[in-house]
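Novice: One structure coming up, written as structure tokens, with questions to follow.
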Amino acid sequence: MILLTTIAISACSKNKDEASFNDNIVAVTATGDINAQLDQFRQLLGEQLNTTPDVVGGRREINWDGVPDALLSQKLPENFFNPVGDQASVANQRGLVYSAAGNFQVSKTNFAEVNAEAATELSSFSGNKIFANVSANKWDVEFQVAGKELAASVKGFGIVFSDVDLPKSTSLEFFNGERSLGKFFAPAKDGSNFSFLGVYFKNEKITRVRVEHQGQLDQGQADITNNGPADLVAMDNFLYNEPVKN
């Protein structure tokens, strides 16, 4: 089940069953084989995949497989994907940071070390590592100029989710400063374990994205498909265009 459409910029909450049309926003959702829709969203963001700082245009992508094994199942620094300073890894300078709320981790065992009850429901989309905020179900992604501590914005942002079981359990809300640009829901999985949600704003800038999902892995509860109380999810690829200084 897929959608490539424009969503009204005035909308505060839209999903694939509630689309209205204008020229301001393009929302791309996909389940099952999501590769074609990922490529469509990549084209919106920019054909060029950037891997170093100091570039203009193009896009960034994070799939977590670059996180070294020594850091697995540990709390990642909030600027892991935008360190600064002379000793900073250039490969990690991708202009993405996240709020300190919660415990951000990467796993190659589908978080079995955190929640064995839910691990069988989770899987990685690319490579063998996935990402989750294991101790919070509402947290923010922000942007900086790649390799610099300068606040930045993007036009589009998307995430590949693992094991979204319910149609309104998992969402992205986009902000320009404190102004909400709309809240969008990831579709429930259908035909594979993966769901994709990406939104591109033609006439707005995104300074912050709030990620929200049910439950948290460190509570040790089963997923809703195994009679647990919440729809537990993890994440793989993050996609966004090159952050530019505000």
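So you can find residues: chains in the structure tokens are A, B, ... in the order shown, residues in each start at 1, and ligands are numbered from 1 in order.
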Sort by chain and increasing residue number a table of all residues of segment 187-239 of chain A within 10 Å of segment 165-172 of chain A, each with its closest pair of atoms and their distance in Å to one decimal, counting only C-alpha atoms, and write it as a Markdown table.
Specialist:
```
| residue | atom | partner | partner_atom | distance |
| --- | --- | --- | --- | --- |
| A:Pro187 | CA | A:Pro167 | CA | 5.1 |
| A:Ala188 | CA | A:Pro167 | CA | 4.7 |
| A:Lys189 | CA | A:Asp165 | CA | 6.0 |
| A:Asp190 | CA | A:Asp165 | CA | 8.8 |
| A:Asn193 | CA | A:Asp165 | CA | 9.0 |
| A:Phe194 | CA | A:Asp165 | CA | 9.9 |
| A:Ser195 | CA | A:Asp165 | CA | 9.6 |
| A:Leu197 | CA | A:Leu172 | CA | 8.1 |
| A:Gly198 | CA | A:Leu172 | CA | 8.7 |
| A:Val199 | CA | A:Leu172 | CA | 8.9 |
| A:Val209 | CA | A:Leu172 | CA | 6.5 |
| A:Arg210 | CA | A:Leu172 | CA | 5.6 |
| A:Val211 | CA | A:Leu172 | CA | 4.9 |
| A:Glu212 | CA | A:Ser171 | CA | 5.3 |
| A:His213 | CA | A:Thr170 | CA | 4.4 |
| A:Gln214 | CA | A:Ser169 | CA | 5.9 |
| A:Gly215 | CA | A:Ser169 | CA | 9.6 |
| A:Asp223 | CA | A:Asp165 | CA | 9.2 |
| A:Ile224 | CA | A:Asp165 | CA | 7.8 |
| A:Thr225 | CA | A:Asp165 | CA | 7.6 |
| A:Ala230 | CA | A:Ser169 | CA | 8.7 |
| A:Asp231 | CA | A:Asp165 | CA | 6.2 |
| A:Leu232 | CA | A:Asp165 | CA | 8.3 |
| A:Val233 | CA | A:Thr170 | CA | 8.2 |
```
Novice: Restrict the selected residues to N, CA and C atoms and save them as a PDB file, in the first residue's frame.
Specialist:
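Once everything was written out, this is again_36.pdb:
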```
ATOM      1  N   PRO A 187       2.146   4.311   7.901  1.00  0.00           N
ATOM      2  CA  PRO A 187       1.146   3.260   7.669  1.00  0.00           C
ATOM      3  C   PRO A 187       1.524   1.970   8.381  1.00  0.00           C
ATOM      4  N   ALA A 188       0.529   1.177   8.726  1.00  0.00           N
ATOM      5  CA  ALA A 188       0.790  -0.141   9.299  1.00  0.00           C
ATOM      6  C   ALA A 188       1.442  -1.030   8.246  1.00  0.00           C
ATOM      7  N   LYS A 189       2.324  -1.890   8.681  1.00  0.00           N
ATOM      8  CA  LYS A 189       3.042  -2.779   7.764  1.00  0.00           C
ATOM      9  C   LYS A 189       2.051  -3.647   6.986  1.00  0.00           C
ATOM     10  N   ASP A 190       2.441  -3.969   5.754  1.00  0.00           N
ATOM     11  CA  ASP A 190       1.573  -4.772   4.895  1.00  0.00           C
ATOM     12  C   ASP A 190       2.454  -5.456   3.860  1.00  0.00           C
ATOM     13  N   ASN A 193       7.932  -6.276   6.923  1.00  0.00           N
ATOM     14  CA  ASN A 193       7.977  -5.727   8.278  1.00  0.00           C
ATOM     15  C   ASN A 193       8.205  -4.226   8.291  1.00  0.00           C
ATOM     16  N   PHE A 194       8.216  -3.583   7.100  1.00  0.00           N
ATOM     17  CA  PHE A 194       8.675  -2.206   7.025  1.00  0.00           C
ATOM     18  C   PHE A 194       7.578  -1.247   6.564  1.00  0.00           C
ATOM     19  N   SER A 195       7.650  -0.045   7.123  1.00  0.00           N
ATOM     20  CA  SER A 195       6.792   1.066   6.719  1.00  0.00           C
ATOM     21  C   SER A 195       7.681   2.277   6.517  1.00  0.00           C
ATOM     22  N   LEU A 197       7.648   6.570   5.976  1.00  0.00           N
ATOM     23  CA  LEU A 197       6.959   7.853   5.969  1.00  0.00           C
ATOM     24  C   LEU A 197       7.988   8.943   5.736  1.00  0.00           C
ATOM     25  N   GLY A 198       7.787   9.720   4.688  1.00  0.00           N
ATOM     26  CA  GLY A 198       8.630  10.872   4.406  1.00  0.00           C
ATOM     27  C   GLY A 198       7.783  12.032   3.942  1.00  0.00           C
ATOM     28  N   VAL A 199       8.095  13.236   4.400  1.00  0.00           N
ATOM     29  CA  VAL A 199       7.327  14.431   4.034  1.00  0.00           C
ATOM     30  C   VAL A 199       8.284  15.512   3.560  1.00  0.00           C
ATOM     31  N   VAL A 209      11.844  17.782  14.042  1.00  0.00           N
ATOM     32  CA  VAL A 209      10.859  16.733  13.783  1.00  0.00           C
ATOM     33  C   VAL A 209      10.630  15.974  15.084  1.00  0.00           C
ATOM     34  N   ARG A 210       9.372  15.852  15.492  1.00  0.00           N
ATOM     35  CA  ARG A 210       9.040  15.084  16.683  1.00  0.00           C
ATOM     36  C   ARG A 210       8.604  13.682  16.271  1.00  0.00           C
ATOM     37  N   VAL A 211       9.306  12.691  16.773  1.00  0.00           N
ATOM     38  CA  VAL A 211       8.991  11.289  16.519  1.00  0.00           C
ATOM     39  C   VAL A 211       8.192  10.768  17.708  1.00  0.00           C
ATOM     40  N   GLU A 212       7.056  10.126  17.430  1.00  0.00           N
ATOM     41  CA  GLU A 212       6.216   9.617  18.506  1.00  0.00           C
ATOM     42  C   GLU A 212       5.739   8.212  18.158  1.00  0.00           C
ATOM     43  N   HIS A 213       5.805   7.316  19.140  1.00  0.00           N
ATOM     44  CA  HIS A 213       5.360   5.944  18.926  1.00  0.00           C
ATOM     45  C   HIS A 213       4.878   5.382  20.257  1.00  0.00           C
ATOM     46  N   GLN A 214       4.139   4.291  20.211  1.00  0.00           N
ATOM     47  CA  GLN A 214       3.610   3.696  21.428  1.00  0.00           C
ATOM     48  C   GLN A 214       4.706   2.930  22.169  1.00  0.00           C
ATOM     49  N   GLY A 215       4.608   2.919  23.488  1.00  0.00           N
ATOM     50  CA  GLY A 215       5.466   2.058  24.286  1.00  0.00           C
ATOM     51  C   GLY A 215       6.940   2.372  24.177  1.00  0.00           C
ATOM     52  N   ASP A 223       5.231  -7.022  22.307  1.00  0.00           N
ATOM     53  CA  ASP A 223       4.573  -6.200  21.295  1.00  0.00           C
ATOM     54  C   ASP A 223       3.087  -6.527  21.249  1.00  0.00           C
ATOM     55  N   ILE A 224       2.306  -5.621  20.696  1.00  0.00           N
ATOM     56  CA  ILE A 224       0.851  -5.811  20.642  1.00  0.00           C
ATOM     57  C   ILE A 224       0.460  -7.079  19.885  1.00  0.00           C
ATOM     58  N   THR A 225       1.282  -7.494  18.915  1.00  0.00           N
ATOM     59  CA  THR A 225       0.968  -8.711  18.161  1.00  0.00           C
ATOM     60  C   THR A 225       1.139  -9.971  19.003  1.00  0.00           C
ATOM     61  N   ALA A 230       1.254  -2.425  23.792  1.00  0.00           N
ATOM     62  CA  ALA A 230       1.587  -1.307  22.910  1.00  0.00           C
ATOM     63  C   ALA A 230       2.222  -1.819  21.624  1.00  0.00           C
ATOM     64  N   ASP A 231       2.166  -0.969  20.594  1.00  0.00           N
ATOM     65  CA  ASP A 231       2.790  -1.236  19.308  1.00  0.00           C
ATOM     66  C   ASP A 231       4.242  -0.765  19.388  1.00  0.00           C
ATOM     67  N   LEU A 232       5.167  -1.690  19.583  1.00  0.00           N
ATOM     68  CA  LEU A 232       6.583  -1.362  19.733  1.00  0.00           C
ATOM     69  C   LEU A 232       7.257  -1.333  18.362  1.00  0.00           C
ATOM     70  N   VAL A 233       8.068  -0.316  18.117  1.00  0.00           N
ATOM     71  CA  VAL A 233       8.716  -0.163  16.821  1.00  0.00           C
ATOM     72  C   VAL A 233      10.194   0.151  17.008  1.00  0.00           C
TER      73      VAL A 233
END
```
Novice: Please report, as number ranges by chain, each residue of segment 54-222 of chain A to which DSSP assigns strand (DSSP E or B) when run on this structure's backbone.
Specialist: A: 59-62, 96-98, 104-107, 130-133, 138-144, 151-154, 156-162, 170-176, 179-185, 194-201, 206, 208-213
Novice: Write a file of the just-selected residues containing C-alpha atoms, as a compact mmCIF listing (two decimals), in the first residue's frame.
Specialist:
```txt
# COMPACT_ATOMS: atom_id res chain seq x y z
CA ARG A 59 20.75 14.68 0.46
CA ARG A 60 21.91 12.77 3.53
CA GLU A 61 21.07 9.25 4.64
CA ILE A 62 21.74 7.37 7.89
CA LEU A 96 21.59 15.46 12.43
CA VAL A 97 21.25 15.62 16.22
CA TYR A 98 18.53 14.42 18.57
CA PHE A 104 19.18 6.31 22.02
CA GLN A 105 20.75 2.97 21.09
CA VAL A 106 21.74 0.89 18.09
CA SER A 107 21.48 -2.91 18.07
CA ILE A 130 18.64 -0.81 13.81
CA PHE A 131 18.01 2.24 15.98
CA ALA A 132 15.56 3.04 18.76
CA ASN A 133 15.00 5.38 21.65
CA LYS A 138 8.30 11.00 22.16
CA TRP A 139 11.53 12.70 21.12
CA ASP A 140 12.92 15.24 18.67
CA VAL A 141 15.31 15.26 15.73
CA GLU A 142 17.02 18.57 14.96
CA PHE A 143 19.44 19.72 12.29
CA GLN A 144 22.79 21.49 12.13
CA ALA A 151 21.31 25.50 13.71
CA ALA A 152 20.00 24.45 10.32
CA SER A 153 16.83 23.41 8.54
CA VAL A 154 15.78 20.94 5.86
CA GLY A 156 12.15 17.03 3.78
CA PHE A 157 12.69 14.18 6.22
CA GLY A 158 11.67 10.53 6.36
CA ILE A 159 12.19 7.32 8.35
CA VAL A 160 11.98 3.60 7.59
CA PHE A 161 10.12 2.00 10.52
CA SER A 162 10.18 -1.64 11.59
CA THR A 170 3.57 6.01 14.96
CA SER A 171 3.92 9.57 13.71
CA LEU A 172 6.21 12.40 12.65
CA GLU A 173 5.30 15.99 13.50
CA PHE A 174 7.21 18.71 11.68
CA PHE A 175 8.05 22.13 13.08
CA ASN A 176 9.42 25.44 11.89
CA ARG A 179 5.08 26.34 14.73
CA SER A 180 3.74 22.91 13.82
CA LEU A 181 3.63 22.19 10.10
CA GLY A 182 1.52 19.07 10.57
CA LYS A 183 1.51 15.59 12.07
CA PHE A 184 1.64 12.58 9.75
CA PHE A 185 1.17 8.88 10.51
CA PHE A 194 8.68 -2.21 7.02
CA SER A 195 6.79 1.07 6.72
CA PHE A 196 8.10 4.32 5.30
CA LEU A 197 6.96 7.85 5.97
CA GLY A 198 8.63 10.87 4.41
CA VAL A 199 7.33 14.43 4.03
CA TYR A 200 8.74 17.20 1.85
CA PHE A 201 7.68 20.84 2.29
CA ILE A 206 11.83 22.14 8.92
CA ARG A 208 12.69 20.04 14.14
CA VAL A 209 10.86 16.73 13.78
CA ARG A 210 9.04 15.08 16.68
CA VAL A 211 8.99 11.29 16.52
CA GLU A 212 6.22 9.62 18.51
CA HIS A 213 5.36 5.94 18.93
```
Novice: Select, from A:Leu45, A:Leu72, A:Asn35, A:Ala100, the residue with the minimum atom-to-atom distance to Ala112 of chain A, counting only C-alpha atoms.
Specialist: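 Among the listed residues, A:Leu72 lies closest to Ala112 of chain A.
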Novice: Of the candidates A:Arg94, A:Lys108, A:Lys148, A:Lys205, which shows the shortest atom-to-atom distance to Phe238 of chain A, using only C-alpha atoms?
Specialist: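 For Phe238 of chain A, the nearest of the candidates is A:Arg94.
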Novice: Using DSSP on the backbone coordinates, identify all residues within segment 87-234 of chain A classified as helix (DSSP H, G or I); present the result as a list in words.
Specialist: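 The helix (DSSP H, G or I) residues within segment 87-234 of chain A come out as Val90, Ala91, Asn92, Ala119, Thr120, Glu121, Leu217, Asp218, Gln219, Ile224, Thr225 and Asn226 of chain A.
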Novice: Find the spatial neighbours of Val84 of chain A, counting only C-alpha atoms, within a cut-off of 9 Å - ignore same-chain residues fewer than 4 positions away - and output them as a ChimeraX atom specification.
Specialist: /A:79,88-90,93,146-149
Novice: Keeping only C-alpha atoms, take the residues you just selected and write them out as a short mmCIF file (atom, residue, chain, number, x, y, z; two decimals), in the first residue's frame.
Specialist:
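The resulting file, part23.cif, is shown below:
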```cif
data_model
loop_
_atom_site.label_atom_id
_atom_site.label_comp_id
_atom_site.auth_asym_id
_atom_site.auth_seq_id
_atom_site.Cartn_x
_atom_site.Cartn_y
_atom_site.Cartn_z
CA ASN A 79 25.58 14.52 18.24
CA ALA A 88 35.67 14.43 14.76
CA SER A 89 34.89 11.71 12.24
CA VAL A 90 34.16 13.38 8.90
CA GLN A 93 29.33 14.79 10.14
CA ALA A 146 27.20 19.35 8.68
CA GLY A 147 30.33 19.47 10.81
CA LYS A 148 29.35 22.67 12.61
CA GLU A 149 27.34 23.64 15.68
#
```
Novice: Give me, please, the distance in Å between atom CA of Gln40 of chain A and atom CA of Gly191 of chain A, quoted to one decimal.
Specialist: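 Those two atoms sit 19.6 Å apart.
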Novice: Can you measure atom CA of Asn82 of chain A to atom CA of Ala136 of chain A for me? One decimal in Å is fine.
Specialist: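 Atom CA of Ala136 of chain A lies at a distance of 21.7 Å from atom CA of Asn82 of chain A.
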Novice: Find the distance between atom CA of Ala234 of chain A and atom CA of Ala222 of chain A and write it in Å to one decimal.
Specialist: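 A separation of 13.7 Å between them.
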Novice: Nearest residue to Leu38 of chain A out of A:Gly228, A:Phe111, A:Trp64, A:Phe125, using only C-alpha atoms?
Specialist: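 For Leu38 of chain A, the nearest of the candidates is A:Phe125.
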